[in-house]
Amino acid sequence: MSFLCSAAGLLARVKLLEGSTTEQTRRNIKRWVSPTLRELAHRQKKLGPQKPERRAGFVEWNQRSELFAFSQRLGESFKVSQLQRAFTEKSFAQREEDRRRQLGIEESDLQMPHNSDLVEKGQHIAHAYVEAFLQHQLPKVPNDGHHAITSFLLSTETLAHVSSHLGTKDLIQSTVYPPSAESLAKSLYAVIGALASSSGIEKAFLFVRDFICTQLNQRDLLEVWTPQDPIQLLENICQERKLGEAEPRLLADCGKNTVLGAYQVGIYANRQLLGKGFGEDLKTATETAAIDALQSFFDTRDNRRPFDFSIHLKPKSVRLD
Amino acid sequence: MSNSHLFLKSGFPRAPLQNGVGRYVCQLQRITLKFCKNNGSSRGMRDFIENHLLDFAKENPGIVVYVKPRRHRTPVLVAEYLNGEREWMSCRNNTQEEISKWIDLLKTQNGNSSSLRLRKMWHTEVPSIQGPWTPFLLRSPEATGQTYPNAEASKPLDTPQTATEKLIELFRQQQLEAGEEAHDALNKKRAE
């Protein structure tokens, strides 16, 4: 039986072969695919590296729903017109106006709102809130430290980082794409300003707390701010608080006169140890010790109580002048 | 770990922009559903769009959903995340339940999680709050008042017993035993 089956199969195959000799052979991949792809690759190489395409230029793009989703994602309720304005840059608005003027549209319809006043407003709010937040969370740090930490939090890089992670990159209407760090930072300020004008200043404060102040989480404060002349600062503080004169003393040393020498210096005032530090020479060790003492004065040690990012500061305590 | 992991991107589990410290922001910003209107491989996708898509969009107002029909192509999900990542996923012959599960996965991650080898299951920016080690850390109290050079401190910690010392020790032990025997014998005589 099996023999019969195999014989039948062989006959069928022979028939097929005969058919194929008369017709053209079939290929699964068409013969034009490879040369076409090669030609396309060649042309692309000739064009050189291209700029990234604007996401807003894609077929699947709806600016209105993107703006709605932006506000919903952050759990805020913006006025759509305010938000649209916050993402329109001045240069873009001017270019658009020029284009419309060339098309012959009347002067009264030409006005395109842009974000420069919202930027100013937002900057003002963010600055005031960050300072109030630091005043509340780091009450012992002097003004210099507060200024340094504020300028870190409101630096263009930090703001651009925050802004791009909130998805503003695709929403910004600017003349260049991808938008520069400055325009990302400005658009974040404008979003804060738009939030203040659409749902109140307290919401704007919470926005600043949740997205800008949280950048301090797990950050080494010494990296953000180190006093310029720690020894002098320590002496001034000791004088102010009447702790007595601060004097450095050698606590221990090892490997003297070798490459791997290490010194440990303690800073005493009135026979009380204020702080101790180590270094490869006496000068560095004294400076480290002074910084250590300052850290304990300012309560900025690594093992300090972590920042409380859920506080509600009263609007009165935020100085908006 | 196999060899296929050698060229896989590696990293740590990280929440972008301290997400969740202030408030939680869903990291999926837009999703595009591409499908064919009459091909069989898109059937599950069509069912999903018909039955579940509106509910999904209502539940997640922060995610922009685009639906893009195209002829005779395989159904595809494209997810775009807030950190700029883009994930492409083929849903050929998937049922609507499978597709809603995949979309749930896309909603809860911040990039293609299977394309990242996790080096550790945790990460911290502050590995130690105790500061760096120095030679002066955890010193014994005796070491503070010592003057150098010091013969006691200069000795190596693990000097093995020399043969001579061993012999002397054995000899002493023998003597002691012998002495005890003599002592016992003396006691016996006294008792008699």
# chains A, B, ... in the order shown; residues from 1 in each chain; ligands from 1
>>> interface_residues(of="chain B", to="chain A", cutoff="9 Å", atoms="only C-alpha atoms", output="tab-separated table (two decimals) with C-alpha atoms, in the first residue's frame")
chain	number	residue	atom	x	y	z
B	16	PRO	CA	12.41	59.38	35.21
B	17	LEU	CA	12.13	62.89	36.69
B	18	GLN	CA	11.76	61.58	40.28
B	19	ASN	CA	8.36	60.32	39.20
B	21	VAL	CA	8.15	61.75	44.63
B	22	GLY	CA	6.00	64.78	43.87
B	23	ARG	CA	3.12	63.33	41.89
B	24	TYR	CA	2.77	60.39	39.55
B	25	VAL	CA	2.75	61.10	35.84
B	26	CYS	CA	1.90	58.29	33.40
B	27	GLN	CA	4.94	57.98	31.16
B	29	GLN	CA	2.18	60.02	26.19
B	30	ARG	CA	0.68	58.75	22.95
B	32	THR	CA	-0.90	54.75	17.69
B	60	ASN	CA	-6.67	57.53	30.44
B	61	PRO	CA	-7.26	61.12	29.36
B	62	GLY	CA	-3.50	61.76	29.58
B	63	ILE	CA	-2.71	59.40	26.70
B	64	VAL	CA	-3.39	60.58	23.15
B	66	TYR	CA	-4.34	57.75	17.25
B	67	VAL	CA	-5.98	55.14	15.04
B	68	LYS	CA	-4.48	54.68	11.61
B	81	TYR	CA	6.98	57.82	26.06
B	82	LEU	CA	7.69	61.08	27.84
B	83	ASN	CA	11.42	60.37	27.98
B	84	GLY	CA	11.56	60.30	24.18
B	124	THR	CA	20.54	54.68	44.77
B	125	GLU	CA	22.25	58.00	44.17
B	126	VAL	CA	23.59	57.93	47.75
B	128	SER	CA	26.75	55.61	51.69
B	129	ILE	CA	25.71	58.19	54.23
B	130	GLN	CA	28.72	57.34	56.39
B	131	GLY	CA	31.33	59.00	54.19
B	134	THR	CA	40.02	56.74	56.13
B	135	PRO	CA	42.90	55.10	58.01
B	136	PHE	CA	41.56	56.85	61.11
B	144	THR	CA	46.14	56.29	69.84
>>> select_by_dssp(residues="stretch 41-181 of chain B", states="alpha helix (DSSP H)", output="short mmCIF file (atom, residue, chain, number, x, y, z; two decimals) with N, CA and C atoms, in the first residue's frame")
data_model
loop_
_atom_site.label_atom_id
_atom_site.label_comp_id
_atom_site.auth_asym_id
_atom_site.auth_seq_id
_atom_site.Cartn_x
_atom_site.Cartn_y
_atom_site.Cartn_z
N ARG B 43 -7.90 41.27 12.85
CA ARG B 43 -9.24 41.07 13.41
C ARG B 43 -9.30 41.46 14.89
N GLY B 44 -8.31 40.98 15.65
CA GLY B 44 -8.30 41.29 17.10
C GLY B 44 -8.21 42.79 17.33
N MET B 45 -7.38 43.45 16.54
CA MET B 45 -7.23 44.90 16.68
C MET B 45 -8.55 45.61 16.38
N ARG B 46 -9.25 45.16 15.32
CA ARG B 46 -10.54 45.78 14.99
C ARG B 46 -11.54 45.56 16.12
N ASP B 47 -11.53 44.34 16.69
CA ASP B 47 -12.44 44.07 17.82
C ASP B 47 -12.10 44.95 19.00
N PHE B 48 -10.81 45.11 19.25
CA PHE B 48 -10.39 45.97 20.37
C PHE B 48 -10.87 47.40 20.17
N ILE B 49 -10.69 47.90 18.96
CA ILE B 49 -11.10 49.29 18.68
C ILE B 49 -12.61 49.43 18.85
N GLU B 50 -13.35 48.38 18.43
CA GLU B 50 -14.80 48.45 18.51
C GLU B 50 -15.29 48.38 19.95
N ASN B 51 -14.67 47.52 20.75
CA ASN B 51 -15.23 47.23 22.07
C ASN B 51 -14.55 47.96 23.23
N LEU B 53 -11.70 50.47 22.99
CA LEU B 53 -10.85 51.65 22.82
C LEU B 53 -11.44 52.90 23.48
N LEU B 54 -12.76 53.07 23.37
CA LEU B 54 -13.37 54.28 23.95
C LEU B 54 -13.22 54.28 25.47
N ASP B 55 -13.43 53.08 26.08
CA ASP B 55 -13.27 52.98 27.53
C ASP B 55 -11.83 53.31 27.93
N PHE B 56 -10.88 52.76 27.16
CA PHE B 56 -9.46 53.03 27.44
C PHE B 56 -9.19 54.53 27.38
N ALA B 57 -9.68 55.19 26.33
CA ALA B 57 -9.41 56.62 26.17
C ALA B 57 -10.06 57.43 27.28
N LYS B 58 -11.25 56.99 27.75
CA LYS B 58 -11.92 57.71 28.83
C LYS B 58 -11.16 57.54 30.14
N GLU B 59 -10.68 56.31 30.38
CA GLU B 59 -9.96 56.05 31.63
C GLU B 59 -8.61 56.76 31.66
N GLN B 96 -8.39 40.37 20.97
CA GLN B 96 -8.59 41.67 21.62
C GLN B 96 -8.12 41.66 23.07
N GLU B 97 -8.26 40.48 23.73
CA GLU B 97 -7.81 40.39 25.12
C GLU B 97 -6.29 40.57 25.20
N GLU B 98 -5.60 39.88 24.25
CA GLU B 98 -4.14 39.99 24.23
C GLU B 98 -3.72 41.44 24.00
N ILE B 99 -4.42 42.10 23.08
CA ILE B 99 -4.06 43.49 22.77
C ILE B 99 -4.30 44.38 23.97
N SER B 100 -5.41 44.16 24.70
CA SER B 100 -5.61 45.05 25.87
C SER B 100 -4.57 44.77 26.93
N LYS B 101 -4.09 43.52 27.03
CA LYS B 101 -3.01 43.26 27.99
C LYS B 101 -1.72 43.95 27.58
N TRP B 102 -1.40 43.89 26.27
CA TRP B 102 -0.18 44.55 25.79
C TRP B 102 -0.25 46.06 26.05
N ILE B 103 -1.45 46.63 25.82
CA ILE B 103 -1.59 48.08 26.01
C ILE B 103 -1.43 48.44 27.48
N ASP B 104 -1.95 47.56 28.35
CA ASP B 104 -1.76 47.77 29.79
C ASP B 104 -0.27 47.78 30.14
N LEU B 105 0.48 46.86 29.50
CA LEU B 105 1.92 46.83 29.75
C LEU B 105 2.58 48.12 29.29
N LEU B 106 2.21 48.58 28.07
CA LEU B 106 2.81 49.81 27.54
C LEU B 106 2.51 51.00 28.45
N LYS B 107 1.33 50.96 29.07
CA LYS B 107 0.90 52.07 29.91
C LYS B 107 1.72 52.17 31.19
N ALA B 151 58.49 47.81 69.29
CA ALA B 151 58.86 46.41 69.02
C ALA B 151 57.63 45.52 69.02
N GLU B 152 56.69 45.77 69.90
CA GLU B 152 55.49 44.92 70.02
C GLU B 152 54.62 45.02 68.76
N ALA B 153 54.50 46.30 68.29
CA ALA B 153 53.63 46.51 67.14
C ALA B 153 54.30 46.12 65.83
N SER B 154 55.65 46.00 65.86
CA SER B 154 56.35 45.69 64.61
C SER B 154 56.33 44.21 64.28
N ALA B 163 60.35 24.94 65.21
CA ALA B 163 60.59 23.57 65.66
C ALA B 163 61.20 23.56 67.06
N THR B 164 62.13 24.50 67.32
CA THR B 164 62.81 24.57 68.62
C THR B 164 61.79 24.83 69.73
N GLU B 165 60.89 25.80 69.44
CA GLU B 165 59.87 26.11 70.44
C GLU B 165 58.98 24.91 70.73
N LYS B 166 58.65 24.20 69.66
CA LYS B 166 57.78 23.01 69.81
C LYS B 166 58.47 21.98 70.70
N LEU B 167 59.80 21.76 70.44
CA LEU B 167 60.58 20.77 71.21
C LEU B 167 60.60 21.16 72.69
N ILE B 168 60.85 22.47 72.93
CA ILE B 168 60.92 22.94 74.32
C ILE B 168 59.60 22.68 75.03
N GLU B 169 58.47 22.97 74.26
CA GLU B 169 57.15 22.80 74.86
C GLU B 169 56.92 21.33 75.23
N LEU B 170 57.32 20.42 74.27
CA LEU B 170 57.14 18.98 74.52
C LEU B 170 57.93 18.54 75.75
N PHE B 171 59.17 19.06 75.83
CA PHE B 171 60.06 18.68 76.95
C PHE B 171 59.46 19.12 78.28
N ARG B 172 58.92 20.33 78.30
CA ARG B 172 58.31 20.85 79.53
C ARG B 172 57.11 19.99 79.95
N GLN B 173 56.32 19.61 78.90
CA GLN B 173 55.13 18.80 79.19
C GLN B 173 55.55 17.47 79.82
N GLN B 174 56.60 16.86 79.22
CA GLN B 174 57.11 15.59 79.74
C GLN B 174 57.54 15.73 81.19
N GLN B 175 58.27 16.79 81.45
CA GLN B 175 58.78 17.03 82.80
C GLN B 175 57.63 17.15 83.79
N LEU B 176 56.60 17.90 83.35
CA LEU B 176 55.44 18.09 84.22
C LEU B 176 54.80 16.75 84.55
N GLU B 177 54.61 15.91 83.44
CA GLU B 177 53.98 14.60 83.66
C GLU B 177 54.82 13.76 84.60
N ALA B 178 56.15 13.79 84.35
CA ALA B 178 57.07 13.02 85.20
C ALA B 178 56.96 13.49 86.65
N GLY B 179 56.91 14.77 86.81
CA GLY B 179 56.81 15.34 88.16
C GLY B 179 55.54 14.88 88.86
N GLU B 180 54.43 14.85 88.07
CA GLU B 180 53.15 14.42 88.67
C GLU B 180 53.23 12.97 89.12
N GLU B 181 53.89 12.12 88.24
CA GLU B 181 54.02 10.69 88.58
C GLU B 181 54.81 10.51 89.87
#
>>> atom_distance(atom1="atom CA of A:Thr284", atom2="atom CA of A:Ile231")
10.9 Å
>>> residues_around(residues="A:Leu221", least_positions_apart="3", cutoff="8 Å", atoms="only C-alpha atoms", output="ChimeraX atom specification")
/A:224-225,300
>>> write_last_selection(atoms="N, CA and C atoms", output="compact mmCIF listing (two decimals), in the first residue's frame")
# COMPACT_ATOMS: atom_id res chain seq x y z
N VAL A 224 26.01 70.88 45.06
CA VAL A 224 25.26 72.04 44.59
C VAL A 224 25.86 73.32 45.17
N TRP A 225 26.19 73.29 46.45
CA TRP A 225 26.77 74.49 47.07
C TRP A 225 27.89 74.11 48.04
N THR A 300 23.09 70.12 56.97
CA THR A 300 23.04 69.64 55.58
C THR A 300 23.87 68.38 55.41
>>> atom_distance(atom1="atom CA of A:Leu233", atom2="atom CA of A:Val318")
28.2 Å
>>> atom_distance(atom1="atom CA of B:Cys36", atom2="atom CA of B:Met89")
15.3 Å
>>> residues_around(residues="A:Gln137", least_positions_apart="6", cutoff="10 Å", atoms="only C-alpha atoms", output="list in words")
Glu131, Arg305, Pro306, Phe307, Asp308, Phe309 and Ile311 of chain A
>>> write_last_selection(atoms="C-alpha atoms", output="short mmCIF file (atom, residue, chain, number, x, y, z; two decimals), in the first residue's frame")
data_model
loop_
_atom_site.label_atom_id
_atom_site.label_comp_id
_atom_site.auth_asym_id
_atom_site.auth_seq_id
_atom_site.Cartn_x
_atom_site.Cartn_y
_atom_site.Cartn_z
CA GLU A 131 13.06 80.37 47.86
CA ARG A 305 16.23 64.25 57.49
CA PRO A 306 15.10 63.93 53.85
CA PHE A 307 13.24 66.79 52.16
CA ASP A 308 9.50 66.81 52.68
CA PHE A 309 7.99 67.15 49.22
CA ILE A 311 4.33 70.22 52.43
#
>>> decode(residues="stretch 103-133 of chain A", atoms="N, CA and C atoms", output="mmCIF file, in the first residue's frame")
data_model
loop_
_atom_site.group_PDB
_atom_site.id
_atom_site.type_symbol
_atom_site.label_atom_id
_atom_site.label_comp_id
_atom_site.auth_asym_id
_atom_site.auth_seq_id
_atom_site.Cartn_x
_atom_site.Cartn_y
_atom_site.Cartn_z
ATOM 1 N N LEU A 103 0.218 87.184 2.863
ATOM 2 C CA LEU A 103 -0.963 86.605 2.223
ATOM 3 C C LEU A 103 -2.069 87.636 2.061
ATOM 4 N N GLY A 104 -1.912 88.801 2.726
ATOM 5 C CA GLY A 104 -2.894 89.859 2.556
ATOM 6 C C GLY A 104 -4.028 89.820 3.561
ATOM 7 N N ILE A 105 -3.771 89.270 4.736
ATOM 8 C CA ILE A 105 -4.807 89.246 5.774
ATOM 9 C C ILE A 105 -4.798 90.594 6.485
ATOM 10 N N GLU A 106 -5.980 91.025 6.951
ATOM 11 C CA GLU A 106 -6.092 92.361 7.564
ATOM 12 C C GLU A 106 -5.274 92.451 8.844
ATOM 13 N N GLU A 107 -4.854 93.655 9.152
ATOM 14 C CA GLU A 107 -3.950 93.901 10.283
ATOM 15 C C GLU A 107 -4.601 93.523 11.622
ATOM 16 N N SER A 108 -5.962 93.673 11.713
ATOM 17 C CA SER A 108 -6.649 93.391 12.991
ATOM 18 C C SER A 108 -6.661 91.898 13.306
ATOM 19 N N ASP A 109 -6.614 91.026 12.296
ATOM 20 C CA ASP A 109 -6.636 89.582 12.533
ATOM 21 C C ASP A 109 -5.229 88.995 12.674
ATOM 22 N N LEU A 110 -4.229 89.881 12.524
ATOM 23 C CA LEU A 110 -2.854 89.369 12.484
ATOM 24 C C LEU A 110 -2.315 88.969 13.849
ATOM 25 N N GLN A 111 -2.839 89.573 14.909
ATOM 26 C CA GLN A 111 -2.244 89.378 16.232
ATOM 27 C C GLN A 111 -2.212 87.903 16.630
ATOM 28 N N MET A 112 -1.017 87.404 16.896
ATOM 29 C CA MET A 112 -0.875 86.024 17.360
ATOM 30 C C MET A 112 -0.277 86.079 18.755
ATOM 31 N N PRO A 113 -0.997 85.586 19.782
ATOM 32 C CA PRO A 113 -0.470 85.704 21.137
ATOM 33 C C PRO A 113 0.782 84.841 21.328
ATOM 34 N N HIS A 114 1.755 85.353 22.085
ATOM 35 C CA HIS A 114 2.959 84.555 22.363
ATOM 36 C C HIS A 114 3.224 84.572 23.861
ATOM 37 N N ASN A 115 4.238 83.806 24.270
ATOM 38 C CA ASN A 115 4.338 83.456 25.686
ATOM 39 C C ASN A 115 5.228 84.361 26.527
ATOM 40 N N SER A 116 5.724 85.504 25.995
ATOM 41 C CA SER A 116 6.759 86.215 26.751
ATOM 42 C C SER A 116 6.259 86.750 28.099
ATOM 43 N N ASP A 117 4.979 87.190 28.175
ATOM 44 C CA ASP A 117 4.503 87.674 29.480
ATOM 45 C C ASP A 117 4.236 86.520 30.440
ATOM 46 N N LEU A 118 3.795 85.364 29.888
ATOM 47 C CA LEU A 118 3.598 84.186 30.737
ATOM 48 C C LEU A 118 4.933 83.691 31.303
ATOM 49 N N VAL A 119 5.987 83.789 30.483
ATOM 50 C CA VAL A 119 7.325 83.379 30.937
ATOM 51 C C VAL A 119 7.727 84.214 32.139
ATOM 52 N N GLU A 120 7.521 85.526 32.023
ATOM 53 C CA GLU A 120 7.908 86.422 33.118
ATOM 54 C C GLU A 120 7.145 86.079 34.398
ATOM 55 N N LYS A 121 5.835 85.871 34.207
ATOM 56 C CA LYS A 121 4.971 85.558 35.352
ATOM 57 C C LYS A 121 5.406 84.250 36.020
ATOM 58 N N GLY A 122 5.621 83.242 35.166
ATOM 59 C CA GLY A 122 6.016 81.933 35.684
ATOM 60 C C GLY A 122 7.355 81.978 36.384
ATOM 61 N N GLN A 123 8.281 82.741 35.822
ATOM 62 C CA GLN A 123 9.618 82.864 36.415
ATOM 63 C C GLN A 123 9.509 83.476 37.813
ATOM 64 N N HIS A 124 8.685 84.478 37.916
ATOM 65 C CA HIS A 124 8.475 85.161 39.188
ATOM 66 C C HIS A 124 7.926 84.192 40.240
ATOM 67 N N ILE A 125 6.910 83.424 39.829
ATOM 68 C CA ILE A 125 6.267 82.483 40.755
ATOM 69 C C ILE A 125 7.253 81.397 41.182
ATOM 70 N N ALA A 126 7.968 80.819 40.186
ATOM 71 C CA ALA A 126 8.886 79.720 40.483
ATOM 72 C C ALA A 126 9.978 80.185 41.431
ATOM 73 N N HIS A 127 10.516 81.381 41.162
ATOM 74 C CA HIS A 127 11.596 81.906 41.988
ATOM 75 C C HIS A 127 11.117 82.091 43.425
ATOM 76 N N ALA A 128 9.944 82.699 43.573
ATOM 77 C CA ALA A 128 9.417 82.965 44.912
ATOM 78 C C ALA A 128 9.155 81.660 45.660
ATOM 79 N N TYR A 129 8.571 80.685 44.963
ATOM 80 C CA TYR A 129 8.217 79.455 45.672
ATOM 81 C C TYR A 129 9.453 78.662 46.055
ATOM 82 N N VAL A 130 10.435 78.568 45.129
ATOM 83 C CA VAL A 130 11.638 77.788 45.442
ATOM 84 C C VAL A 130 12.352 78.392 46.649
ATOM 85 N N GLU A 131 12.412 79.731 46.707
ATOM 86 C CA GLU A 131 13.063 80.366 47.859
ATOM 87 C C GLU A 131 12.310 80.081 49.150
ATOM 88 N N ALA A 132 10.988 80.126 49.087
ATOM 89 C CA ALA A 132 10.198 79.850 50.289
ATOM 90 C C ALA A 132 10.353 78.397 50.715
ATOM 91 N N PHE A 133 10.412 77.509 49.730
ATOM 92 C CA PHE A 133 10.572 76.079 50.013
ATOM 93 C C PHE A 133 11.903 75.829 50.730
#
